[in-house]
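Dumped protein10.pdb below, it's PDB, C-alpha atoms and all ligand atoms:
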```pdb
ATOM      1  CA  MET A   1      10.964  -3.276  31.674
ATOM      2  CA  PRO A   2       9.001  -0.431  30.072
ATOM      3  CA  ALA A   3       6.012  -1.421  27.925
ATOM      4  CA  GLY A   4       5.073   0.586  24.834
ATOM      5  CA  PRO A   5       1.717   0.760  23.056
ATOM      6  CA  GLY A   6       2.339  -2.511  21.162
ATOM      7  CA  THR A   7       2.280  -4.433  24.443
ATOM      8  CA  ARG A   8      -1.381  -4.958  25.330
ATOM      9  CA  LEU A   9      -0.506  -6.895  28.501
ATOM     10  CA  GLY A  10       3.049  -6.894  29.793
ATOM     11  CA  ILE A  11       5.042  -8.647  32.489
ATOM     12  CA  GLY A  12       3.094  -9.957  35.502
ATOM     13  CA  ASP A  13       0.557 -12.477  34.215
ATOM     14  CA  ASP A  14       0.936 -16.030  32.919
ATOM     15  CA  ALA A  15       1.665 -14.720  29.424
ATOM     16  CA  ALA A  16       1.921 -11.418  27.619
ATOM     17  CA  VAL A  17      -0.395 -10.116  24.919
ATOM     18  CA  VAL A  18       1.407  -8.405  22.031
ATOM     19  CA  ALA A  19      -0.295  -6.552  19.187
ATOM     20  CA  ALA A  20       0.232  -8.100  15.748
ATOM     21  CA  PRO A  21      -1.143  -5.459  13.389
ATOM     22  CA  ASP A  22       0.071  -7.331  10.305
ATOM     23  CA  GLY A  23      -1.811 -10.515  11.184
ATOM     24  CA  ASN A  24       1.422 -12.510  10.823
ATOM     25  CA  VAL A  25       4.070 -12.793  13.536
ATOM     26  CA  VAL A  26       7.767 -13.123  12.682
ATOM     27  CA  ALA A  27       9.541 -15.155  15.385
ATOM     28  CA  ALA A  28      13.165 -16.088  16.106
ATOM     29  CA  VAL A  29      15.096 -17.509  19.066
ATOM     30  CA  ASP A  30      18.786 -17.478  19.937
ATOM     31  CA  MET A  31      20.940 -18.775  22.810
ATOM     32  CA  LEU A  32      23.976 -17.245  24.459
ATOM     33  CA  LEU A  33      26.130 -19.550  26.619
ATOM     34  CA  GLU A  34      28.732 -18.434  29.113
ATOM     35  CA  GLY A  35      32.132 -19.866  28.185
ATOM     36  CA  ARG A  36      31.080 -20.434  24.586
ATOM     37  CA  HIS A  37      29.645 -17.085  23.471
ATOM     38  CA  PHE A  38      30.892 -14.785  26.217
ATOM     39  CA  LEU A  39      33.197 -14.653  29.244
ATOM     40  CA  ARG A  40      32.160 -12.763  32.375
ATOM     41  CA  ASP A  41      35.805 -11.670  32.722
ATOM     42  CA  TRP A  42      35.450  -9.722  29.460
ATOM     43  CA  SER A  43      31.727  -8.912  29.242
ATOM     44  CA  SER A  44      29.654  -6.978  31.775
ATOM     45  CA  GLY A  45      26.033  -7.852  32.436
ATOM     46  CA  VAL A  46      24.986  -4.910  30.264
ATOM     47  CA  ASP A  47      27.236  -6.153  27.427
ATOM     48  CA  VAL A  48      25.701  -9.634  27.535
ATOM     49  CA  GLY A  49      22.171  -8.226  27.691
ATOM     50  CA  VAL A  50      22.793  -6.033  24.656
ATOM     51  CA  LYS A  51      24.396  -8.881  22.701
ATOM     52  CA  ALA A  52      21.703 -11.428  23.610
ATOM     53  CA  ALA A  53      18.952  -9.045  22.509
ATOM     54  CA  ALA A  54      20.811  -7.933  19.374
ATOM     55  CA  ARG A  55      21.270 -11.477  18.064
ATOM     56  CA  SER A  56      17.534 -12.197  18.037
ATOM     57  CA  LEU A  57      16.422  -8.702  17.044
ATOM     58  CA  ALA A  58      18.762  -8.757  14.022
ATOM     59  CA  ASP A  59      17.112 -11.972  12.815
ATOM     60  CA  ILE A  60      13.738 -10.211  12.874
ATOM     61  CA  ALA A  61      15.120  -7.212  10.961
ATOM     62  CA  ALA A  62      16.745  -9.571   8.433
ATOM     63  CA  MET A  63      13.259 -10.763   7.434
ATOM     64  CA  GLY A  64      12.280  -7.176   6.679
ATOM     65  CA  ALA A  65      10.230  -6.985   9.880
ATOM     66  CA  THR A  66      10.060  -4.478  12.723
ATOM     67  CA  PRO A  67      10.837  -6.040  16.126
ATOM     68  CA  THR A  68       7.924  -5.841  18.585
ATOM     69  CA  ALA A  69       8.718  -7.984  21.625
ATOM     70  CA  LEU A  70      11.344 -10.081  23.406
ATOM     71  CA  LEU A  71      10.902 -13.043  25.779
ATOM     72  CA  VAL A  72      13.971 -13.927  27.827
ATOM     73  CA  ALA A  73      14.883 -17.180  29.605
ATOM     74  CA  LEU A  74      17.852 -17.063  31.976
ATOM     75  CA  ALA A  75      19.688 -19.848  33.798
ATOM     76  CA  ALA A  76      22.280 -18.686  36.332
ATOM     77  CA  PRO A  77      24.404 -20.160  39.134
ATOM     78  CA  PRO A  78      23.623 -19.158  42.751
ATOM     79  CA  SER A  79      26.997 -17.386  42.871
ATOM     80  CA  LEU A  80      25.984 -14.878  40.157
ATOM     81  CA  PRO A  81      26.038 -11.393  41.721
ATOM     82  CA  ALA A  82      22.573  -9.815  41.757
ATOM     83  CA  ALA A  83      24.085  -6.643  40.275
ATOM     84  CA  TRP A  84      25.249  -8.606  37.222
ATOM     85  CA  ALA A  85      21.713  -9.927  36.640
ATOM     86  CA  LEU A  86      20.278  -6.425  37.017
ATOM     87  CA  ASP A  87      22.857  -5.146  34.517
ATOM     88  CA  LEU A  88      21.833  -7.943  32.144
ATOM     89  CA  ALA A  89      18.204  -6.818  32.413
ATOM     90  CA  SER A  90      19.242  -3.249  31.747
ATOM     91  CA  GLY A  91      21.205  -4.270  28.630
ATOM     92  CA  LEU A  92      18.259  -6.293  27.327
ATOM     93  CA  ALA A  93      15.876  -3.385  27.933
ATOM     94  CA  SER A  94      18.106  -0.785  26.287
ATOM     95  CA  GLU A  95      18.787  -2.816  23.147
ATOM     96  CA  ALA A  96      15.106  -3.777  22.862
ATOM     97  CA  ALA A  97      14.258  -0.073  23.098
ATOM     98  CA  ARG A  98      16.825   0.768  20.378
ATOM     99  CA  ALA A  99      14.987  -1.685  18.126
ATOM    100  CA  GLY A 100      11.547  -0.374  19.155
ATOM    101  CA  ALA A 101      10.598  -3.582  20.984
ATOM    102  CA  ASP A 102       9.475  -4.344  24.567
ATOM    103  CA  VAL A 103      10.674  -7.127  26.854
ATOM    104  CA  VAL A 104       7.307  -8.723  27.652
ATOM    105  CA  GLY A 105       8.197 -11.770  29.706
ATOM    106  CA  GLY A 106      10.663 -14.422  30.695
ATOM    107  CA  ASP A 107      11.689 -17.173  33.050
ATOM    108  CA  THR A 108      14.616 -17.904  35.358
ATOM    109  CA  ALA A 109      16.152 -21.151  36.588
ATOM    110  CA  GLN A 110      19.239 -22.234  38.498
ATOM    111  CA  GLY A 111      22.055 -23.588  36.346
ATOM    112  CA  ASP A 112      25.776 -24.313  36.471
ATOM    113  CA  SER A 113      26.654 -21.351  34.258
ATOM    114  CA  VAL A 114      24.865 -18.382  32.697
ATOM    115  CA  VAL A 115      22.634 -19.352  29.766
ATOM    116  CA  ILE A 116      20.365 -16.788  28.111
ATOM    117  CA  SER A 117      17.739 -17.570  25.506
ATOM    118  CA  VAL A 118      16.010 -14.652  23.789
ATOM    119  CA  THR A 119      12.908 -15.060  21.644
ATOM    120  CA  ALA A 120      12.086 -12.077  19.445
ATOM    121  CA  LEU A 121       8.809 -11.291  17.694
ATOM    122  CA  GLY A 122       8.287  -8.887  14.823
ATOM    123  CA  ASP A 123       5.741  -7.380  12.490
ATOM    124  CA  LEU A 124       5.945  -7.157   8.679
ATOM    125  CA  GLY A 125       3.672  -4.140   8.303
ATOM    126  CA  GLY A 126       1.757  -5.776   5.465
ATOM    127  CA  ARG A 127       4.848  -6.621   3.418
ATOM    128  CA  ALA A 128       6.028 -10.074   2.376
ATOM    129  CA  ALA A 129       8.963 -11.423   4.374
ATOM    130  CA  VAL A 130      12.362 -11.021   2.698
ATOM    131  CA  THR A 131      13.763 -14.562   2.673
ATOM    132  CA  ARG A 132      17.171 -15.960   1.679
ATOM    133  CA  SER A 133      15.837 -17.521  -1.507
ATOM    134  CA  GLY A 134      14.831 -14.615  -3.740
ATOM    135  CA  ALA A 135      18.126 -13.317  -5.157
ATOM    136  CA  HIS A 136      18.316 -13.221  -8.967
ATOM    137  CA  ALA A 137      21.248 -13.012 -11.379
ATOM    138  CA  GLY A 138      21.733  -9.323 -12.167
ATOM    139  CA  ASP A 139      20.882  -8.138  -8.630
ATOM    140  CA  VAL A 140      23.366  -6.052  -6.677
ATOM    141  CA  VAL A 141      24.458  -7.089  -3.177
ATOM    142  CA  ALA A 142      24.581  -4.376  -0.527
ATOM    143  CA  VAL A 143      25.380  -4.170   3.161
ATOM    144  CA  ALA A 144      24.023  -1.952   5.969
ATOM    145  CA  GLY A 145      26.048  -1.776   9.162
ATOM    146  CA  VAL A 146      29.655  -2.689   9.861
ATOM    147  CA  LEU A 147      31.667  -5.789   8.902
ATOM    148  CA  GLY A 148      34.610  -7.262  10.777
ATOM    149  CA  HIS A 149      34.471  -4.895  13.748
ATOM    150  CA  SER A 150      33.435  -7.595  16.225
ATOM    151  CA  ALA A 151      36.149  -9.957  14.959
ATOM    152  CA  ALA A 152      38.743  -7.188  15.223
ATOM    153  CA  GLY A 153      37.549  -6.348  18.737
ATOM    154  CA  LEU A 154      37.826  -9.976  19.817
ATOM    155  CA  ALA A 155      41.327 -10.192  18.332
ATOM    156  CA  LEU A 156      42.332  -7.007  20.156
ATOM    157  CA  LEU A 157      40.915  -8.351  23.445
ATOM    158  CA  SER A 158      42.778 -11.635  22.945
ATOM    159  CA  ALA A 159      46.035  -9.893  21.942
ATOM    160  CA  ASP A 160      45.926  -7.737  25.083
ATOM    161  CA  VAL A 161      46.969  -4.568  23.219
ATOM    162  CA  PRO A 162      46.839  -1.105  24.839
ATOM    163  CA  LYS A 163      43.212   0.049  24.953
ATOM    164  CA  ASP A 164      43.548   3.276  22.987
ATOM    165  CA  GLU A 165      40.582   4.952  21.313
ATOM    166  CA  LEU A 166      40.786   2.769  18.188
ATOM    167  CA  ALA A 167      41.025  -0.499  20.142
ATOM    168  CA  SER A 168      38.309   0.526  22.583
ATOM    169  CA  ALA A 169      35.822   1.291  19.811
ATOM    170  CA  LEU A 170      36.350  -2.096  18.157
ATOM    171  CA  ILE A 171      36.252  -3.948  21.488
ATOM    172  CA  GLN A 172      32.987  -2.138  22.220
ATOM    173  CA  ALA A 173      31.692  -3.336  18.819
ATOM    174  CA  HIS A 174      32.523  -6.904  19.883
ATOM    175  CA  LEU A 175      30.939  -6.625  23.324
ATOM    176  CA  ARG A 176      27.845  -4.662  22.246
ATOM    177  CA  PRO A 177      27.001  -5.174  18.563
ATOM    178  CA  GLN A 178      24.701  -2.515  17.138
ATOM    179  CA  PRO A 179      22.717  -3.986  14.243
ATOM    180  CA  PRO A 180      21.015  -1.468  11.933
ATOM    181  CA  TYR A 181      17.496  -2.673  12.729
ATOM    182  CA  SER A 182      15.560  -0.051  10.786
ATOM    183  CA  ALA A 183      17.489  -0.929   7.621
ATOM    184  CA  GLY A 184      15.662  -4.297   7.552
ATOM    185  CA  PRO A 185      12.116  -3.044   6.933
ATOM    186  CA  ALA A 186      13.604  -0.239   4.807
ATOM    187  CA  ALA A 187      15.249  -2.857   2.571
ATOM    188  CA  ALA A 188      11.899  -4.585   2.140
ATOM    189  CA  GLU A 189      10.388  -1.239   1.053
ATOM    190  CA  LEU A 190      13.301  -0.747  -1.387
ATOM    191  CA  GLY A 191      12.511  -4.067  -3.066
ATOM    192  CA  ALA A 192      15.157  -6.350  -1.518
ATOM    193  CA  THR A 193      14.941  -9.803  -3.111
ATOM    194  CA  ALA A 194      16.879 -11.651  -0.375
ATOM    195  CA  MET A 195      18.376 -10.701   2.984
ATOM    196  CA  ILE A 196      20.287 -12.134   5.967
ATOM    197  CA  ASP A 197      22.052 -10.739   9.011
ATOM    198  CA  VAL A 198      25.810 -11.340   9.185
ATOM    199  CA  SER A 199      26.120 -13.545  12.259
ATOM    200  CA  ASP A 200      28.649 -16.111  11.000
ATOM    201  CA  GLY A 201      30.685 -13.939   8.597
ATOM    202  CA  LEU A 202      29.875 -12.204   5.294
ATOM    203  CA  LEU A 203      31.032 -15.065   3.061
ATOM    204  CA  ALA A 204      29.347 -17.759   5.164
ATOM    205  CA  ASP A 205      26.065 -15.837   5.325
ATOM    206  CA  LEU A 206      26.117 -14.865   1.643
ATOM    207  CA  GLY A 207      26.646 -18.576   1.067
ATOM    208  CA  HIS A 208      23.237 -19.183   2.673
ATOM    209  CA  ILE A 209      21.627 -16.717   0.235
ATOM    210  CA  ALA A 210      23.509 -18.193  -2.745
ATOM    211  CA  TRP A 211      22.497 -21.731  -1.786
ATOM    212  CA  ALA A 212      18.853 -20.871  -1.107
ATOM    213  CA  SER A 213      18.535 -18.697  -4.217
ATOM    214  CA  GLY A 214      20.476 -20.970  -6.580
ATOM    215  CA  VAL A 215      22.879 -18.228  -7.626
ATOM    216  CA  VAL A 216      26.536 -17.254  -7.350
ATOM    217  CA  ILE A 217      27.478 -14.094  -5.437
ATOM    218  CA  ASP A 218      30.673 -12.200  -6.257
ATOM    219  CA  VAL A 219      32.027  -9.859  -3.569
ATOM    220  CA  ASP A 220      34.169  -6.889  -4.652
ATOM    221  CA  THR A 221      36.718  -6.332  -1.874
ATOM    222  CA  SER A 222      37.597  -2.872  -3.202
ATOM    223  CA  ALA A 223      34.011  -1.817  -2.381
ATOM    224  CA  LEU A 224      34.216  -2.858   1.298
ATOM    225  CA  ASP A 225      34.344  -0.059   3.868
ATOM    226  CA  LEU A 226      37.244  -1.242   6.045
ATOM    227  CA  GLY A 227      37.226   1.890   8.221
ATOM    228  CA  SER A 228      39.661   1.477  11.104
ATOM    229  CA  LEU A 229      40.298  -2.237  10.439
ATOM    230  CA  PRO A 230      43.667  -1.714   8.646
ATOM    231  CA  ASP A 231      44.967   0.326  11.600
ATOM    232  CA  ALA A 232      43.722  -2.294  14.069
ATOM    233  CA  ALA A 233      45.243  -5.146  12.057
ATOM    234  CA  ARG A 234      48.687  -3.572  12.535
ATOM    235  CA  LEU A 235      48.290  -4.174  16.292
ATOM    236  CA  VAL A 236      47.574  -7.907  15.963
ATOM    237  CA  PRO A 237      50.259 -10.246  14.552
ATOM    238  CA  GLY A 238      49.025 -12.068  11.450
ATOM    239  CA  ALA A 239      45.767 -10.134  11.214
ATOM    240  CA  ASP A 240      44.291  -9.102   7.858
ATOM    241  CA  PRO A 241      41.578  -6.425   7.678
ATOM    242  CA  VAL A 242      39.941  -7.862   4.544
ATOM    243  CA  THR A 243      39.723 -11.303   6.167
ATOM    244  CA  TRP A 244      38.059  -9.701   9.219
ATOM    245  CA  ALA A 245      35.490  -8.015   6.965
ATOM    246  CA  LEU A 246      34.832 -11.142   4.880
ATOM    247  CA  THR A 247      34.737 -13.766   7.631
ATOM    248  CA  GLY A 248      34.164 -11.976  10.947
ATOM    249  CA  GLY A 249      30.731 -12.667  12.416
ATOM    250  CA  GLU A 250      28.621 -11.194  15.196
ATOM    251  CA  ASP A 251      28.381  -7.603  13.937
ATOM    252  CA  HIS A 252      24.891  -8.429  12.650
ATOM    253  CA  ALA A 253      25.130  -6.126   9.675
ATOM    254  CA  LEU A 254      22.322  -6.734   7.192
ATOM    255  CA  VAL A 255      23.290  -7.918   3.710
ATOM    256  CA  ALA A 256      20.709  -7.994   0.952
ATOM    257  CA  ALA A 257      20.249  -8.435  -2.768
ATOM    258  CA  PHE A 258      18.398  -5.703  -4.650
ATOM    259  CA  PRO A 259      17.354  -5.267  -8.276
ATOM    260  CA  ALA A 260      20.162  -3.416 -10.091
ATOM    261  CA  ASP A 261      17.927  -0.360 -10.624
ATOM    262  CA  ALA A 262      16.896  -0.022  -6.941
ATOM    263  CA  ALA A 263      17.503   3.507  -5.607
ATOM    264  CA  LEU A 264      19.543   2.667  -2.516
ATOM    265  CA  PRO A 265      20.106   5.327   0.163
ATOM    266  CA  ALA A 266      23.556   5.787   1.728
ATOM    267  CA  THR A 267      22.656   3.285   4.490
ATOM    268  CA  TRP A 268      23.266   0.575   1.898
ATOM    269  CA  ARG A 269      26.701   0.124   0.374
ATOM    270  CA  ILE A 270      26.963  -2.013  -2.770
ATOM    271  CA  ILE A 271      29.672  -4.637  -2.272
ATOM    272  CA  GLY A 272      28.969  -7.204  -4.939
ATOM    273  CA  ARG A 273      26.650  -8.697  -7.509
ATOM    274  CA  VAL A 274      24.578 -11.781  -8.128
ATOM    275  CA  LEU A 275      25.594 -14.071 -11.007
ATOM    276  CA  PRO A 276      23.821 -17.068 -12.518
ATOM    277  CA  ALA A 277      24.935 -20.500 -11.290
ATOM    278  CA  SER A 278      25.233 -23.862 -12.980
ATOM    279  CA  ASP A 279      25.941 -25.665  -9.695
ATOM    280  CA  PRO A 280      25.232 -23.392  -6.712
ATOM    281  CA  HIS A 281      25.626 -26.145  -4.100
ATOM    282  CA  THR A 282      29.358 -25.689  -3.812
ATOM    283  CA  ARG A 283      31.656 -23.526  -1.769
ATOM    284  CA  GLU A 284      32.300 -21.584  -4.980
ATOM    285  CA  ALA A 285      28.738 -20.208  -4.689
ATOM    286  CA  VAL A 286      30.431 -17.145  -3.185
ATOM    287  CA  LEU A 287      33.360 -15.601  -5.039
ATOM    288  CA  VAL A 288      35.745 -12.921  -3.872
ATOM    289  CA  ASP A 289      36.880 -10.604  -6.675
ATOM    290  CA  GLY A 290      35.751 -13.225  -9.191
ATOM    291  CA  ARG A 291      37.681 -16.106  -7.656
ATOM    292  CA  PRO A 292      37.004 -18.788  -5.027
ATOM    293  CA  TRP A 293      38.100 -17.580  -1.575
ATOM    294  CA  ALA A 294      41.146 -19.443  -0.328
ATOM    295  CA  GLY A 295      40.970 -18.244   3.297
ATOM    296  CA  PRO A 296      38.744 -19.319   6.171
ATOM    297  CA  ALA A 297      35.041 -19.133   5.350
ATOM    298  CA  GLY A 298      33.715 -17.923   8.693
ATOM    299  CA  TRP A 299      32.246 -19.546  11.747
ATOM    300  CA  GLU A 300      30.801 -22.999  11.116
ATOM    301  CA  HIS A 301      28.547 -24.371  13.846
ATOM    302  CA  PHE A 302      29.608 -27.699  15.366
ATOM    303  CA  ARG A 303      32.738 -27.917  13.221
TER     304      ARG A 303
HETATM  305 MG    MG B   1      20.359 -14.637  11.228
END
```

As structure tokens, how would this structure be written, given the file I've shared?
Amino acid sequence: MPAGPGTRLGIGDDAAVVAAPDGNVVAAVDMLLEGRHFLRDWSSGVDVGVKAAARSLADIAAMGATPTALLVALAAPPSLPAAWALDLASGLASEAARAGADVVGGDTAQGDSVVISVTALGDLGGRAAVTRSGAHAGDVVAVAGVLGHSAAGLALLSADVPKDELASALIQAHLRPQPPYSAGPAAAELGATAMIDVSDGLLADLGHIAWASGVVIDVDTSALDLGSLPDAARLVPGADPVTWALTGGEDHALVAAFPADAALPATWRIIGRVLPASDPHTREAVLVDGRPWAGPAGWEHFR
């Protein structure tokens, strides 16, 4: 695990020492469970390492912070091949490096299945954190990163379609999500009023912003970049590319509200707007093309 200049003391002592130039530390933790979040038949050790790191790192970026460090706890059965564990470490290290962070410590224990917990730390660079609660009526809503690719990839894996170039790219997006980390602090600099990473699905996660901010958010489906999703949907019976983009989670795109006059670079694509709300604590807090969404809302924990 390489250590950059932000790691004052890395792996090898009782604890690591990580620089916190801002004076505040942004912290998040996430768990990945074999059988629930991944299958070793489908995901390599590298895939799981990338995904485990990406989930926590995206939460740091979604606060407008720059990731600095990861701490990793791993439970594994005695039958786990050593090569798989080494691949996991390599995936964690490579995704941490993509985000500019170091893996600075961890712990291992024997368990019945593979369980990975990743804690991520980040630095705000002197800025205020971008929370879920600051969106105002009149703001625009914009997304950085891809929507629905992970859901399409999972559907293609499950449908057992031929792995052509199109299918392989989407399956790769499912196995190794690539959140746009640098867009998080950039959004803070651009004046983002609220932000979240899309882990549960665009509508579900915009619902968190709408609820916390006391607003209604209207998504314009004609503004979504569907990319290869329509072609992929033709391979999967019953699939709909717009539903993938609206409700598919795990791509960890960043979605944020910005003042309407913010000068957004091409990284950010405007996909909706923030409206005032009389009663935001309803499912109708997020509209699709001006109407309540009739389809599935996205992943709901413990449903
Ligand atoms: Mg999140």

| Can you tell me which residues sit at most 12 Å away from ligand MG 1 (chain B), counting only C-alpha atoms and all ligand atoms, written as a count of residues only? | 40

Find the residues of region 177-207 of chain A that sit at most 12 Å from region 267-277 of chain A; for each, write down the nearest two atoms and how far apart they are in Å, to one decimal. Count only C-alpha atoms. Sort by chain, then by number going up, and give it as a tab-separated table.
```
residue	atom	partner	partner_atom	distance
A:Pro180	CA	A:Thr267	CA	9.0
A:Tyr181	CA	A:Thr267	CA	11.4
A:Ser182	CA	A:Thr267	CA	10.1
A:Ala183	CA	A:Thr267	CA	7.4
A:Gly184	CA	A:Trp268	CA	10.7
A:Ala186	CA	A:Thr267	CA	9.7
A:Ala187	CA	A:Trp268	CA	8.7
A:Leu190	CA	A:Trp268	CA	10.6
A:Ala192	CA	A:Trp268	CA	11.2
A:Thr193	CA	A:Val274	CA	11.0
A:Ala194	CA	A:Val274	CA	10.9
A:Leu202	CA	A:Ile271	CA	10.7
A:Leu203	CA	A:Gly272	CA	11.4
A:Leu206	CA	A:Val274	CA	10.4
A:Gly207	CA	A:Val274	CA	11.6
```

For the selection just defined, write its residues with C-alpha atoms to a file, as a PDB file, in the frame of the given file.
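Contents of again_6.pdb, as written:
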```pdb
ATOM      1  CA  PRO A 180      21.015  -1.468  11.933  1.00  0.00           C
ATOM      2  CA  TYR A 181      17.496  -2.673  12.729  1.00  0.00           C
ATOM      3  CA  SER A 182      15.560  -0.051  10.786  1.00  0.00           C
ATOM      4  CA  ALA A 183      17.489  -0.929   7.621  1.00  0.00           C
ATOM      5  CA  GLY A 184      15.662  -4.297   7.552  1.00  0.00           C
ATOM      6  CA  ALA A 186      13.604  -0.239   4.807  1.00  0.00           C
ATOM      7  CA  ALA A 187      15.249  -2.857   2.571  1.00  0.00           C
ATOM      8  CA  LEU A 190      13.301  -0.747  -1.387  1.00  0.00           C
ATOM      9  CA  ALA A 192      15.157  -6.350  -1.518  1.00  0.00           C
ATOM     10  CA  THR A 193      14.941  -9.803  -3.111  1.00  0.00           C
ATOM     11  CA  ALA A 194      16.879 -11.651  -0.375  1.00  0.00           C
ATOM     12  CA  LEU A 202      29.875 -12.204   5.294  1.00  0.00           C
ATOM     13  CA  LEU A 203      31.032 -15.065   3.061  1.00  0.00           C
ATOM     14  CA  LEU A 206      26.117 -14.865   1.643  1.00  0.00           C
ATOM     15  CA  GLY A 207      26.646 -18.576   1.067  1.00  0.00           C
TER      16      GLY A 207
END
```

| Which residues, written as a VMD selection string, have at least one atom at most 9 Å from Ser90 (chain A), with all atoms listed in the file counted and residues fewer than 5 positions away on the same chain left out? | chain A and resid 1 45 to 46 49 to 50 85 95

Pull C-alpha atoms from the residues just selected and write them as a CSV table (one decimal), in the coordinates of the input.
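Contents of the output file result_7.csv:
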```
chain,number,residue,atom,x,y,z
A,1,MET,CA,11.0,-3.3,31.7
A,45,GLY,CA,26.0,-7.9,32.4
A,46,VAL,CA,25.0,-4.9,30.3
A,49,GLY,CA,22.2,-8.2,27.7
A,50,VAL,CA,22.8,-6.0,24.7
A,85,ALA,CA,21.7,-9.9,36.6
A,95,GLU,CA,18.8,-2.8,23.1
```

| remark: Judged by only C-alpha atoms, the minimum distance to Val104 (chain A) among A:Arg36, A:Arg291, A:Arg234, A:Arg8 is found for A:Arg8

| said: As a check of understanding, name the residues that the PyMOL selection byres (((chain A and resi 21) around 10) and not hetatm) selects in the supplied structure, as a PyMOL selection string. | reply: chain A and resi 6+18-20+22-25+123-126

| said: So the first atom is CA of Ala76 (chain A) and the second is CA of Asp112 (chain A); what is the distance between them in Å, to one decimal place? | reply: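 These atoms are spaced 6.6 Å apart.
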
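Of the residues under consideration (A:Gly145, A:Ala260, A:Gly122, A:Ala151), A:Ala151 shows the shortest atom-to-atom contact distance to Thr243 (chain A) when counting only C-alpha atoms.
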
| field | Residues within 10 Å of Asp231 (chain A), all atoms listed in the file, excluding chain neighbours under 3 positions, as a ChimeraX atom specification | value | /A:166-167,226-228,234-236,241

| field | Among listed residues A:Val286, A:Ala257, A:Met31, A:Ala159, nearest Pro237 (chain A) (using only C-alpha atoms) | value |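 Looking only at the distances to Pro237 (chain A), the closest residue turns out to be A:Ala159.
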
| said: What does the structure give for the distance between CA of Ser113 (chain A) and CA of Ala75 (chain A), in Å to one decimal? | reply: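 CA of Ala75 (chain A) lies at a distance of 7.1 Å from CA of Ser113 (chain A).
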
Subset file: region 264-275 of chain A, N, CA, C and O atoms, as a short mmCIF file (atom, residue, chain, number, x, y, z; two decimals), in the first residue's frame:
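So result_25.cif came out as:
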```cif
data_model
loop_
_atom_site.label_atom_id
_atom_site.label_comp_id
_atom_site.auth_asym_id
_atom_site.auth_seq_id
_atom_site.Cartn_x
_atom_site.Cartn_y
_atom_site.Cartn_z
N LEU A 264 -21.51 26.12 -15.02
CA LEU A 264 -21.12 24.72 -14.86
C LEU A 264 -20.29 24.24 -16.05
O LEU A 264 -20.70 24.41 -17.19
N PRO A 265 -19.15 23.60 -15.78
CA PRO A 265 -18.36 23.00 -16.86
C PRO A 265 -19.07 21.75 -17.40
O PRO A 265 -20.05 21.28 -16.83
N ALA A 266 -18.53 21.19 -18.48
CA ALA A 266 -19.19 20.06 -19.15
C ALA A 266 -19.28 18.81 -18.28
O ALA A 266 -20.09 17.92 -18.56
N THR A 267 -18.45 18.75 -17.21
CA THR A 267 -18.54 17.61 -16.28
C THR A 267 -19.95 17.47 -15.72
O THR A 267 -20.38 16.38 -15.38
N TRP A 268 -20.64 18.61 -15.59
CA TRP A 268 -21.95 18.63 -14.96
C TRP A 268 -23.04 18.82 -16.01
O TRP A 268 -23.01 19.75 -16.78
N ARG A 269 -23.98 17.91 -16.02
CA ARG A 269 -25.07 17.94 -16.99
C ARG A 269 -26.36 18.28 -16.24
O ARG A 269 -26.75 17.56 -15.30
N ILE A 270 -27.03 19.33 -16.65
CA ILE A 270 -28.27 19.74 -15.97
C ILE A 270 -29.40 18.79 -16.36
O ILE A 270 -29.68 18.58 -17.54
N ILE A 271 -30.02 18.20 -15.34
CA ILE A 271 -31.07 17.20 -15.59
C ILE A 271 -32.38 17.54 -14.89
O ILE A 271 -33.31 16.74 -14.92
N GLY A 272 -32.44 18.69 -14.24
CA GLY A 272 -33.69 19.00 -13.57
C GLY A 272 -33.60 20.31 -12.83
O GLY A 272 -32.63 21.06 -12.97
N ARG A 273 -34.67 20.61 -12.07
CA ARG A 273 -34.69 21.87 -11.34
C ARG A 273 -35.39 21.69 -10.01
O ARG A 273 -36.12 20.71 -9.79
N VAL A 274 -35.10 22.64 -9.13
CA VAL A 274 -35.65 22.60 -7.77
C VAL A 274 -36.85 23.53 -7.71
O VAL A 274 -36.78 24.69 -8.14
N LEU A 275 -37.97 23.01 -7.19
CA LEU A 275 -39.21 23.76 -7.07
C LEU A 275 -39.57 23.93 -5.59
O LEU A 275 -39.14 23.13 -4.76
#
```
